[in-house]
file input_36.tsv (TSV, N, CA and C atoms)
chain	number	residue	atom	x	y	z
K	65	GLN	N	36.08	31.22	279.85
K	65	GLN	CA	37.20	30.38	280.27
K	65	GLN	C	36.90	29.78	281.64
K	66	VAL	N	37.11	28.48	281.77
K	66	VAL	CA	36.79	27.83	283.02
K	66	VAL	C	37.87	28.12	284.07
K	67	GLN	N	37.48	28.17	285.31
K	67	GLN	CA	38.42	28.30	286.42
K	67	GLN	C	38.39	27.00	287.21
K	68	VAL	N	39.57	26.57	287.68
K	68	VAL	CA	39.66	25.29	288.36
K	68	VAL	C	40.34	25.43	289.71
K	69	VAL	N	39.92	24.60	290.66
K	69	VAL	CA	40.48	24.59	292.01
K	69	VAL	C	40.71	23.15	292.42
K	70	GLU	N	41.95	22.84	292.81
K	70	GLU	CA	42.30	21.50	293.21
K	70	GLU	C	42.13	21.31	294.72
K	71	SER	N	41.91	20.06	295.11
K	71	SER	CA	41.86	19.70	296.53
K	71	SER	C	42.19	18.22	296.65
K	72	GLY	N	42.43	17.80	297.90
K	72	GLY	CA	42.63	16.38	298.15
K	72	GLY	C	44.07	15.96	298.39
K	73	GLY	N	45.00	16.89	298.26
K	73	GLY	CA	46.38	16.54	298.52
K	73	GLY	C	46.62	16.31	300.00
K	74	GLY	N	47.83	15.84	300.32
K	74	GLY	CA	48.16	15.61	301.72
K	74	GLY	C	49.40	14.78	301.86
K	75	LEU	N	49.63	14.32	303.09
K	75	LEU	CA	50.77	13.48	303.41
K	75	LEU	C	50.30	12.04	303.55
K	76	VAL	N	50.96	11.15	302.85
K	76	VAL	CA	50.58	9.73	302.89
K	76	VAL	C	51.84	8.88	302.88
K	77	GLN	N	51.76	7.72	303.47
K	77	GLN	CA	52.90	6.80	303.45
K	77	GLN	C	52.99	6.08	302.11
K	78	ALA	N	54.18	5.67	301.78
K	78	ALA	CA	54.38	4.90	300.56
K	78	ALA	C	53.45	3.68	300.56
K	79	GLY	N	52.85	3.43	299.41
K	79	GLY	CA	51.88	2.35	299.29
K	79	GLY	C	50.45	2.77	299.52
K	80	GLY	N	50.27	3.99	300.01
K	80	GLY	CA	48.94	4.49	300.28
K	80	GLY	C	48.26	5.06	299.05
K	81	SER	N	47.08	5.64	299.27
K	81	SER	CA	46.26	6.17	298.19
K	81	SER	C	45.77	7.57	298.51
K	82	LEU	N	45.52	8.32	297.46
K	82	LEU	CA	44.90	9.63	297.58
K	82	LEU	C	43.98	9.83	296.38
K	83	ARG	N	42.93	10.62	296.59
K	83	ARG	CA	42.10	11.03	295.47
K	83	ARG	C	42.09	12.54	295.40
K	84	LEU	N	42.60	13.05	294.31
K	84	LEU	CA	42.58	14.48	294.08
K	84	LEU	C	41.31	14.86	293.33
K	85	SER	N	40.81	16.04	293.64
K	85	SER	CA	39.64	16.56	292.96
K	85	SER	C	39.96	17.91	292.33
K	86	CYS	N	39.30	18.19	291.23
K	86	CYS	CA	39.45	19.47	290.55
K	86	CYS	C	38.05	19.97	290.23
K	87	ALA	N	37.64	21.01	290.94
K	87	ALA	CA	36.31	21.59	290.73
K	87	ALA	C	36.42	22.76	289.77
K	88	ALA	N	35.56	22.76	288.78
K	88	ALA	CA	35.62	23.79	287.75
K	88	ALA	C	34.36	24.63	287.74
K	89	SER	N	34.53	25.87	287.44
K	89	SER	CA	33.40	26.77	287.28
K	89	SER	C	33.13	26.94	285.78
K	90	GLY	N	31.95	27.38	285.46
K	90	GLY	CA	31.66	27.60	284.04
K	90	GLY	C	30.61	26.64	283.53
K	91	ARG	N	29.79	27.14	282.63
K	91	ARG	CA	28.67	26.35	282.14
K	91	ARG	C	29.07	25.41	281.01
K	92	THR	N	30.29	25.57	280.48
K	92	THR	CA	30.70	24.74	279.36
K	92	THR	C	31.76	23.72	279.75
K	93	PHE	N	31.79	23.36	281.02
K	93	PHE	CA	32.80	22.42	281.52
K	93	PHE	C	32.83	21.15	280.69
K	94	SER	N	31.69	20.69	280.28
K	94	SER	CA	31.62	19.43	279.55
K	94	SER	C	32.27	19.50	278.18
K	95	ARG	N	32.70	20.69	277.75
K	95	ARG	CA	33.40	20.81	276.47
K	95	ARG	C	34.91	20.99	276.65
K	96	TYR	N	35.39	20.79	277.89
K	96	TYR	CA	36.80	20.98	278.17
K	96	TYR	C	37.52	19.65	278.35
K	97	ALA	N	38.63	19.50	277.66
K	97	ALA	CA	39.55	18.43	278.00
K	97	ALA	C	40.27	18.84	279.28
K	98	MET	N	40.51	17.87	280.14
K	98	MET	CA	41.10	18.15	281.45
K	98	MET	C	42.34	17.29	281.65
K	99	ALA	N	43.24	17.79	282.47
K	99	ALA	CA	44.46	17.03	282.72
K	99	ALA	C	45.02	17.33	284.10
K	100	TRP	N	45.88	16.44	284.54
K	100	TRP	CA	46.66	16.65	285.75
K	100	TRP	C	48.13	16.68	285.37
K	101	PHE	N	48.83	17.64	285.93
K	101	PHE	CA	50.28	17.75	285.82
K	101	PHE	C	50.84	17.79	287.23
K	102	ARG	N	52.13	17.57	287.34
K	102	ARG	CA	52.77	17.71	288.65
K	102	ARG	C	54.14	18.34	288.49
K	103	GLN	N	54.59	18.94	289.57
K	103	GLN	CA	55.89	19.60	289.56
K	103	GLN	C	56.56	19.42	290.90
K	104	ALA	N	57.70	18.75	290.88
K	104	ALA	CA	58.50	18.56	292.08
K	104	ALA	C	59.51	19.71	292.18
K	105	PRO	N	60.02	19.99	293.36
K	105	PRO	CA	60.99	21.08	293.52
K	105	PRO	C	62.18	20.91	292.59
K	106	GLY	N	62.50	21.98	291.88
K	106	GLY	CA	63.65	21.95	290.97
K	106	GLY	C	63.42	21.22	289.67
K	107	GLU	N	62.19	20.74	289.46
K	107	GLU	CA	61.89	19.99	288.25
K	107	GLU	C	60.90	20.76	287.38
K	108	GLU	N	60.83	20.36	286.12
K	108	GLU	CA	59.84	20.95	285.24
K	108	GLU	C	58.47	20.32	285.50
K	109	ARG	N	57.45	21.05	285.11
K	109	ARG	CA	56.10	20.51	285.24
K	109	ARG	C	55.93	19.36	284.25
K	110	GLU	N	55.40	18.24	284.76
K	110	GLU	CA	55.28	17.07	283.90
K	110	GLU	C	53.84	16.56	283.84
K	111	PHE	N	53.51	16.00	282.71
K	111	PHE	CA	52.19	15.45	282.46
K	111	PHE	C	51.96	14.22	283.32
K	112	VAL	N	50.74	14.09	283.84
K	112	VAL	CA	50.36	12.92	284.64
K	112	VAL	C	49.26	12.13	283.94
K	113	ALA	N	48.15	12.81	283.64
K	113	ALA	CA	47.00	12.13	283.04
K	113	ALA	C	46.09	13.16	282.39
K	114	ALA	N	45.32	12.71	281.39
K	114	ALA	CA	44.38	13.59	280.71
K	114	ALA	C	43.11	12.82	280.37
K	115	ILE	N	42.01	13.57	280.23
K	115	ILE	CA	40.73	12.96	279.90
K	115	ILE	C	39.99	13.88	278.94
K	116	SER	N	39.36	13.29	277.94
K	116	SER	CA	38.59	14.07	276.97
K	116	SER	C	37.31	14.59	277.61
K	117	TRP	N	36.64	15.50	276.91
K	117	TRP	CA	35.48	16.13	277.56
K	117	TRP	C	34.35	15.15	277.80
K	118	SER	N	34.23	14.13	276.98
K	118	SER	CA	33.18	13.14	277.21
K	118	SER	C	33.59	12.09	278.23
K	119	GLY	N	34.89	12.04	278.53
K	119	GLY	CA	35.39	11.02	279.44
K	119	GLY	C	35.73	9.71	278.75
K	120	GLY	N	35.50	9.66	277.45
K	120	GLY	CA	35.71	8.41	276.72
K	120	GLY	C	37.16	8.11	276.38
K	121	ASP	N	38.00	9.11	276.49
K	121	ASP	CA	39.42	8.94	276.18
K	121	ASP	C	40.25	9.39	277.37
K	122	THR	N	41.20	8.56	277.73
K	122	THR	CA	42.12	8.90	278.80
K	122	THR	C	43.53	8.53	278.38
K	123	TYR	N	44.49	9.19	278.99
K	123	TYR	CA	45.88	8.91	278.69
K	123	TYR	C	46.70	9.17	279.93
K	124	TYR	N	47.73	8.32	280.15
K	124	TYR	CA	48.53	8.42	281.36
K	124	TYR	C	50.01	8.46	281.04
K	125	ALA	N	50.75	9.14	281.88
K	125	ALA	CA	52.19	9.06	281.81
K	125	ALA	C	52.62	7.66	282.25
K	126	ASP	N	53.71	7.19	281.70
K	126	ASP	CA	54.19	5.85	282.05
K	126	ASP	C	54.46	5.74	283.55
K	127	SER	N	54.86	6.85	284.16
K	127	SER	CA	55.23	6.82	285.57
K	127	SER	C	54.05	6.53	286.49
K	128	VAL	N	52.82	6.75	286.03
K	128	VAL	CA	51.64	6.53	286.89
K	128	VAL	C	50.69	5.49	286.31
K	129	LYS	N	50.96	5.03	285.10
K	129	LYS	CA	50.06	4.08	284.45
K	129	LYS	C	49.93	2.82	285.29
K	130	GLY	N	48.70	2.37	285.45
K	130	GLY	CA	48.45	1.19	286.26
K	130	GLY	C	48.26	1.48	287.74
K	131	ARG	N	48.64	2.67	288.16
K	131	ARG	CA	48.48	3.06	289.57
K	131	ARG	C	47.48	4.20	289.74
K	132	SER	N	47.13	4.85	288.65
K	132	SER	CA	46.28	6.03	288.75
K	132	SER	C	45.11	5.93	287.77
K	133	THR	N	44.02	6.58	288.14
K	133	THR	CA	42.84	6.63	287.28
K	133	THR	C	42.30	8.05	287.26
K	134	ILE	N	42.15	8.60	286.06
K	134	ILE	CA	41.52	9.91	285.90
K	134	ILE	C	40.08	9.70	285.49
K	135	SER	N	39.18	10.47	286.06
K	135	SER	CA	37.77	10.35	285.73
K	135	SER	C	37.13	11.74	285.87
K	136	ARG	N	35.91	11.86	285.38
K	136	ARG	CA	35.22	13.14	285.49
K	136	ARG	C	33.74	12.91	285.67
K	137	ASP	N	33.10	13.86	286.32
K	137	ASP	CA	31.66	13.88	286.48
K	137	ASP	C	31.19	15.24	285.97
K	138	ASN	N	30.68	15.26	284.76
K	138	ASN	CA	30.29	16.53	284.15
K	138	ASN	C	29.05	17.13	284.81
K	139	THR	N	28.30	16.33	285.55
K	139	THR	CA	27.15	16.88	286.28
K	139	THR	C	27.60	17.66	287.51
K	140	LYS	N	28.83	17.37	287.96
K	140	LYS	CA	29.38	18.06	289.13
K	140	LYS	C	30.53	18.98	288.77
K	141	ASN	N	30.82	19.11	287.49
K	141	ASN	CA	31.93	19.95	287.03
K	141	ASN	C	33.23	19.60	287.76
K	142	THR	N	33.50	18.32	287.89
K	142	THR	CA	34.65	17.88	288.67
K	142	THR	C	35.42	16.77	287.94
K	143	VAL	N	36.73	16.87	288.05
K	143	VAL	CA	37.63	15.83	287.57
K	143	VAL	C	38.37	15.25	288.76
K	144	TYR	N	38.64	13.96	288.70
K	144	TYR	CA	39.31	13.28	289.81
K	144	TYR	C	40.58	12.59	289.32
K	145	LEU	N	41.50	12.45	290.24
K	145	LEU	CA	42.68	11.62	289.99
K	145	LEU	C	42.85	10.70	291.19
K	146	GLN	N	42.54	9.45	290.99
K	146	GLN	CA	42.74	8.44	292.03
K	146	GLN	C	44.14	7.88	291.90
K	147	MET	N	44.93	8.00	292.94
K	147	MET	CA	46.31	7.52	292.91
K	147	MET	C	46.49	6.44	293.96
K	148	ASN	N	46.95	5.30	293.54
K	148	ASN	CA	47.19	4.16	294.43
K	148	ASN	C	48.67	3.78	294.40
K	149	SER	N	49.05	2.95	295.36
K	149	SER	CA	50.44	2.48	295.44
K	149	SER	C	51.42	3.63	295.30
K	150	LEU	N	51.17	4.68	296.05
K	150	LEU	CA	51.99	5.88	295.93
K	150	LEU	C	53.44	5.61	296.35
K	151	LYS	N	54.34	6.31	295.66
K	151	LYS	CA	55.78	6.18	295.90
K	151	LYS	C	56.34	7.55	296.30
K	152	PRO	N	57.46	7.56	296.99
K	152	PRO	CA	58.06	8.86	297.36
K	152	PRO	C	58.31	9.75	296.14
K	153	GLU	N	58.60	9.14	295.00
K	153	GLU	CA	58.85	9.95	293.79
K	153	GLU	C	57.58	10.57	293.22
K	154	ASP	N	56.43	10.25	293.77
K	154	ASP	CA	55.18	10.91	293.39
K	154	ASP	C	55.01	12.25	294.11
K	155	THR	N	55.90	12.53	295.05
K	155	THR	CA	55.81	13.78	295.79
K	155	THR	C	55.98	14.97	294.86
K	156	ALA	N	55.00	15.87	294.88
K	156	ALA	CA	54.99	17.03	293.99
K	156	ALA	C	53.77	17.87	294.29
K	157	VAL	N	53.74	19.05	293.69
K	157	VAL	CA	52.51	19.82	293.64
K	157	VAL	C	51.76	19.37	292.40
K	158	TYR	N	50.51	19.02	292.58
K	158	TYR	CA	49.68	18.53	291.48
K	158	TYR	C	48.75	19.64	291.02
K	159	TYR	N	48.75	19.86	289.71
K	159	TYR	CA	47.95	20.92	289.11
K	159	TYR	C	46.89	20.35	288.18
K	160	CYS	N	45.73	20.96	288.21
K	160	CYS	CA	44.65	20.65	287.28
K	160	CYS	C	44.69	21.67	286.16
K	161	ALA	N	44.45	21.22	284.93
K	161	ALA	CA	44.49	22.11	283.77
K	161	ALA	C	43.31	21.81	282.86
K	162	ALA	N	42.88	22.83	282.13
K	162	ALA	CA	41.72	22.70	281.26
K	162	ALA	C	41.95	23.43	279.94
K	163	ASN	N	41.32	22.89	278.90
K	163	ASN	CA	41.32	23.57	277.61
K	163	ASN	C	40.12	23.11	276.83
K	164	ILE	N	39.41	24.05	276.21
K	164	ILE	CA	38.26	23.68	275.41
K	164	ILE	C	38.75	22.89	274.21
K	165	ALA	N	38.03	21.83	273.87
K	165	ALA	CA	38.54	20.92	272.85
K	165	ALA	C	37.40	20.17	272.19
K	166	ARG	N	37.74	19.53	271.09
K	166	ARG	CA	36.80	18.61	270.47
K	166	ARG	C	36.86	17.29	271.22
K	167	ASP	N	35.82	16.49	271.10
K	167	ASP	CA	35.85	15.20	271.77
K	167	ASP	C	37.00	14.36	271.20
K	168	HIS	N	37.57	13.53	272.02
K	168	HIS	CA	38.71	12.66	271.72
K	168	HIS	C	40.03	13.42	271.66
K	169	GLU	N	39.98	14.73	271.80
K	169	GLU	CA	41.19	15.52	271.71
K	169	GLU	C	41.81	15.69	273.09
K	170	LEU	N	43.11	15.39	273.19
K	170	LEU	CA	43.82	15.50	274.46
K	170	LEU	C	45.14	16.22	274.25
K	171	GLY	N	45.60	16.89	275.27
K	171	GLY	CA	46.90	17.54	275.20
K	171	GLY	C	47.82	16.97	276.26
K	172	PHE	N	49.11	16.93	275.94
K	172	PHE	CA	50.09	16.36	276.86
K	172	PHE	C	51.16	17.36	277.28
K	173	LEU	N	51.10	18.54	276.70
K	173	LEU	CA	52.05	19.58	277.05
K	173	LEU	C	51.38	20.69	277.84
K	174	PRO	N	52.05	21.27	278.82
K	174	PRO	CA	51.43	22.36	279.59
K	174	PRO	C	50.96	23.51	278.70
K	175	SER	N	51.67	23.78	277.63
K	175	SER	CA	51.34	24.92	276.77
K	175	SER	C	50.00	24.74	276.06
K	176	TRP	N	49.48	23.52	276.00
K	176	TRP	CA	48.20	23.28	275.32
K	176	TRP	C	47.02	23.73	276.18
K	177	TYR	N	47.24	23.83	277.48
K	177	TYR	CA	46.16	24.17	278.40
K	177	TYR	C	46.19	25.65	278.76
K	178	ASN	N	45.01	26.24	278.88
K	178	ASN	CA	44.97	27.68	279.14
K	178	ASN	C	44.31	28.05	280.47
K	179	SER	N	43.88	27.06	281.22
K	179	SER	CA	43.35	27.33	282.56
K	179	SER	C	44.05	26.41	283.55
K	180	TRP	N	44.52	26.99	284.62
K	180	TRP	CA	45.28	26.24	285.62
K	180	TRP	C	44.81	26.60	287.02
K	181	GLY	N	44.89	25.61	287.89
K	181	GLY	CA	44.62	25.86	289.30
K	181	GLY	C	45.89	26.24	290.04
K	182	GLN	N	45.76	26.43	291.33
K	182	GLN	CA	46.90	26.82	292.16
K	182	GLN	C	47.72	25.63	292.63
K	183	GLY	N	47.19	24.46	292.50
K	183	GLY	CA	47.93	23.26	292.85
K	183	GLY	C	47.59	22.75	294.25
K	184	THR	N	47.82	21.48	294.46
K	184	THR	CA	47.65	20.85	295.77
K	184	THR	C	48.87	19.97	296.02
K	185	GLN	N	49.42	20.07	297.23
K	185	GLN	CA	50.65	19.35	297.55
K	185	GLN	C	50.36	17.90	297.89
K	186	VAL	N	51.12	17.01	297.28
K	186	VAL	CA	51.10	15.60	297.63
K	186	VAL	C	52.49	15.22	298.10
K	187	THR	N	52.56	14.68	299.30
K	187	THR	CA	53.84	14.26	299.87
K	187	THR	C	53.73	12.79	300.28
K	188	VAL	N	54.64	11.98	299.75
K	188	VAL	CA	54.64	10.55	300.04
K	188	VAL	C	55.90	10.24	300.84
K	189	SER	N	55.71	9.76	302.05
K	189	SER	CA	56.84	9.44	302.90
K	189	SER	C	57.24	7.98	302.73
K	190	SER	N	58.53	7.72	302.89
K	190	SER	CA	59.03	6.35	302.71
K	190	SER	C	59.01	5.58	304.01
call {"tool": "encode", "arguments": {"input": "input_36.tsv", "output": "structure tokens"}}
result
Amino acid sequence: QVQVVESGGGLVQAGGSLRLSCAASGRTFSRYAMAWFRQAPGEEREFVAAISWSGGDTYYADSVKGRSTISRDNTKNTVYLQMNSLKPEDTAVYYCAANIARDHELGFLPSWYNSWGQGTQVTVSS
């Protein structure tokens, strides 16, 4: 089972950008579908973006579509989430998640993923 660690969160003004990184351990990283979720205080954890193990398939929540890009580098065992035009409502703890999968297979529910990081805080000021 892969282990993941997020980084790259911080405080940014509205309209700014951040790139989150998720570093994974394990020799089979390239067989894992990966995703980003976020959770604001008092809210449920919500899907942000997902990428298949080959990187050929991606999917985004409507709330971030057009402003965010998920990508992966299997040679570095790392997944990225580039977020642009950030809004105060993007403020949340962002979590990286992983699950071994077939290519083209993606999950959109937290229950589909079996490896989670500790999260990285993103705060967008108005």
call {"tool": "residues_around", "arguments": {"input": "input_36.tsv", "residues": "Gln182 (chain K)", "least_positions_apart": "3", "cutoff": "6.5 Å", "atoms": "only N, CA and C atoms", "output": "list in words"}}
result
Val68, Val69, Glu70, Tyr158, Tyr159 and Cys160 of chain K
call {"tool": "closest_residue", "arguments": {"input": "input_36.tsv", "among": "K:Gly130, K:Pro105, K:Pro152, K:Gly171", "to": "Gln77 (chain K)", "atoms": "all atoms listed in the file"}}
result
K:Pro152
call {"tool": "closest_residue", "arguments": {"input": "input_36.tsv", "among": "K:Phe93, K:Gln146, K:Ser85, K:Ala156", "to": "Ser116 (chain K)", "atoms": "only C-alpha atoms"}}
result
K:Phe93
call {"tool": "residues_around", "arguments": {"input": "input_36.tsv", "residues": "Val157 (chain K)", "least_positions_apart": "5", "cutoff": "6 Å", "atoms": "all atoms listed in the file", "output": "JSON, numbers by chain"}}
result
{"K": [101, 102, 103, 104, 183, 184, 185, 186]}
call {"tool": "atom_distance", "arguments": {"input": "input_36.tsv", "atom1": "CA of Gln67 (chain K)", "atom2": "atom C of Ile164 (chain K)"}}
result
13.4 Å
call {"tool": "atom_distance", "arguments": {"input": "input_36.tsv", "atom1": "atom C of Thr133 (chain K)", "atom2": "CA of Glu110 (chain K)"}}
result
16.2 Å
call {"tool": "atom_distance", "arguments": {"input": "input_36.tsv", "atom1": "CA of Trp180 (chain K)", "atom2": "CA of Ala87 (chain K)"}}
result
11.3 Å
call {"tool": "select_by_dssp", "arguments": {"input": "input_36.tsv", "residues": "chain K", "states": "strand (DSSP E)", "output": "PyMOL selection string"}}
result
chain K and resi 68-71+74-77+82-88+96-103+110-115+122-124+132-137+142-147+156-164+179-180+184-189
call {"tool": "closest_residue", "arguments": {"input": "input_36.tsv", "among": "K:Pro174, K:Gly72, K:Gly106, K:Gly119", "to": "Cys86 (chain K)", "atoms": "only N, CA and C atoms"}}
result
K:Gly72
call {"tool": "closest_residue", "arguments": {"input": "input_36.tsv", "among": "K:Leu150, K:Leu145, K:Ala125, K:Leu173", "to": "Gly79 (chain K)", "atoms": "all atoms listed in the file"}}
result
K:Leu150
call {"tool": "closest_residue", "arguments": {"input": "input_36.tsv", "among": "K:Ala78, K:Met147, K:Ala161, K:Ser189", "to": "Trp176 (chain K)", "atoms": "only C-alpha atoms"}}
result
K:Ala161
call {"tool": "build_atoms", "arguments": {"input": "input_36.tsv", "residues": "region 139-149 of chain K", "atoms": "all heavy atoms", "output": "mmCIF file, in the coordinates of the input"}}
result
data_model
loop_
_atom_site.group_PDB
_atom_site.id
_atom_site.type_symbol
_atom_site.label_atom_id
_atom_site.label_comp_id
_atom_site.auth_asym_id
_atom_site.auth_seq_id
_atom_site.Cartn_x
_atom_site.Cartn_y
_atom_site.Cartn_z
ATOM 1 N N THR K 139 28.300 16.330 285.550
ATOM 2 C CA THR K 139 27.150 16.880 286.280
ATOM 3 C C THR K 139 27.600 17.660 287.510
ATOM 4 O O THR K 139 26.858 18.478 288.036
ATOM 5 C CB THR K 139 26.182 15.781 286.720
ATOM 6 O OG1 THR K 139 26.837 14.937 287.681
ATOM 7 C CG2 THR K 139 25.740 14.931 285.534
ATOM 8 N N LYS K 140 28.830 17.370 287.960
ATOM 9 C CA LYS K 140 29.380 18.060 289.130
ATOM 10 C C LYS K 140 30.530 18.980 288.770
ATOM 11 O O LYS K 140 31.173 19.560 289.661
ATOM 12 C CB LYS K 140 29.863 17.031 290.165
ATOM 13 C CG LYS K 140 28.756 16.160 290.728
ATOM 14 C CD LYS K 140 29.303 15.195 291.775
ATOM 15 C CE LYS K 140 28.182 14.349 292.355
ATOM 16 N NZ LYS K 140 28.696 13.383 293.366
ATOM 17 N N ASN K 141 30.820 19.110 287.490
ATOM 18 C CA ASN K 141 31.930 19.950 287.030
ATOM 19 C C ASN K 141 33.230 19.600 287.760
ATOM 20 O O ASN K 141 33.973 20.484 288.196
ATOM 21 C CB ASN K 141 31.627 21.437 287.238
ATOM 22 C CG ASN K 141 30.715 21.997 286.163
ATOM 23 O OD1 ASN K 141 30.085 21.242 285.439
ATOM 24 N ND2 ASN K 141 30.633 23.317 286.081
ATOM 25 N N THR K 142 33.500 18.320 287.890
ATOM 26 C CA THR K 142 34.650 17.880 288.670
ATOM 27 C C THR K 142 35.420 16.770 287.940
ATOM 28 O O THR K 142 34.829 15.881 287.338
ATOM 29 C CB THR K 142 34.207 17.373 290.056
ATOM 30 O OG1 THR K 142 33.503 18.417 290.727
ATOM 31 C CG2 THR K 142 35.410 16.982 290.908
ATOM 32 N N VAL K 143 36.730 16.870 288.050
ATOM 33 C CA VAL K 143 37.630 15.830 287.570
ATOM 34 C C VAL K 143 38.370 15.250 288.760
ATOM 35 O O VAL K 143 38.711 15.981 289.696
ATOM 36 C CB VAL K 143 38.638 16.410 286.561
ATOM 37 C CG1 VAL K 143 39.668 15.371 286.167
ATOM 38 C CG2 VAL K 143 37.926 16.899 285.322
ATOM 39 N N TYR K 144 38.640 13.960 288.700
ATOM 40 C CA TYR K 144 39.310 13.280 289.810
ATOM 41 C C TYR K 144 40.580 12.590 289.320
ATOM 42 O O TYR K 144 40.693 12.203 288.154
ATOM 43 C CB TYR K 144 38.381 12.219 290.408
ATOM 44 C CG TYR K 144 37.041 12.745 290.836
ATOM 45 C CD1 TYR K 144 35.924 12.623 290.010
ATOM 46 C CD2 TYR K 144 36.883 13.369 292.071
ATOM 47 C CE1 TYR K 144 34.692 13.108 290.393
ATOM 48 C CE2 TYR K 144 35.646 13.859 292.464
ATOM 49 C CZ TYR K 144 34.555 13.720 291.623
ATOM 50 O OH TYR K 144 33.336 14.209 292.009
ATOM 51 N N LEU K 145 41.500 12.450 290.240
ATOM 52 C CA LEU K 145 42.680 11.620 289.990
ATOM 53 C C LEU K 145 42.850 10.700 291.190
ATOM 54 O O LEU K 145 43.222 11.169 292.279
ATOM 55 C CB LEU K 145 43.936 12.464 289.784
ATOM 56 C CG LEU K 145 45.200 11.649 289.469
ATOM 57 C CD1 LEU K 145 45.080 10.984 288.092
ATOM 58 C CD2 LEU K 145 46.453 12.543 289.515
ATOM 59 N N GLN K 146 42.540 9.450 290.990
ATOM 60 C CA GLN K 146 42.740 8.440 292.030
ATOM 61 C C GLN K 146 44.140 7.880 291.900
ATOM 62 O O GLN K 146 44.497 7.367 290.833
ATOM 63 C CB GLN K 146 41.708 7.315 291.897
ATOM 64 C CG GLN K 146 41.889 6.176 292.889
ATOM 65 C CD GLN K 146 41.582 6.587 294.317
ATOM 66 O OE1 GLN K 146 40.598 7.264 294.571
ATOM 67 N NE2 GLN K 146 42.428 6.170 295.264
ATOM 68 N N MET K 147 44.930 8.000 292.940
ATOM 69 C CA MET K 147 46.310 7.520 292.910
ATOM 70 C C MET K 147 46.490 6.440 293.960
ATOM 71 O O MET K 147 46.223 6.669 295.147
ATOM 72 C CB MET K 147 47.270 8.689 293.151
ATOM 73 C CG MET K 147 47.160 9.802 292.125
ATOM 74 S SD MET K 147 48.464 11.036 292.307
ATOM 75 C CE MET K 147 48.044 11.699 293.921
ATOM 76 N N ASN K 148 46.950 5.300 293.540
ATOM 77 C CA ASN K 148 47.190 4.160 294.430
ATOM 78 C C ASN K 148 48.670 3.780 294.400
ATOM 79 O O ASN K 148 49.425 4.204 293.529
ATOM 80 C CB ASN K 148 46.343 2.972 293.982
ATOM 81 C CG ASN K 148 44.868 3.291 293.961
ATOM 82 O OD1 ASN K 148 44.347 3.985 294.840
ATOM 83 N ND2 ASN K 148 44.176 2.788 292.952
ATOM 84 N N SER K 149 49.050 2.950 295.360
ATOM 85 C CA SER K 149 50.440 2.480 295.440
ATOM 86 C C SER K 149 51.420 3.630 295.300
ATOM 87 O O SER K 149 52.375 3.573 294.522
ATOM 88 C CB SER K 149 50.695 1.426 294.353
ATOM 89 O OG SER K 149 49.797 0.338 294.487
#
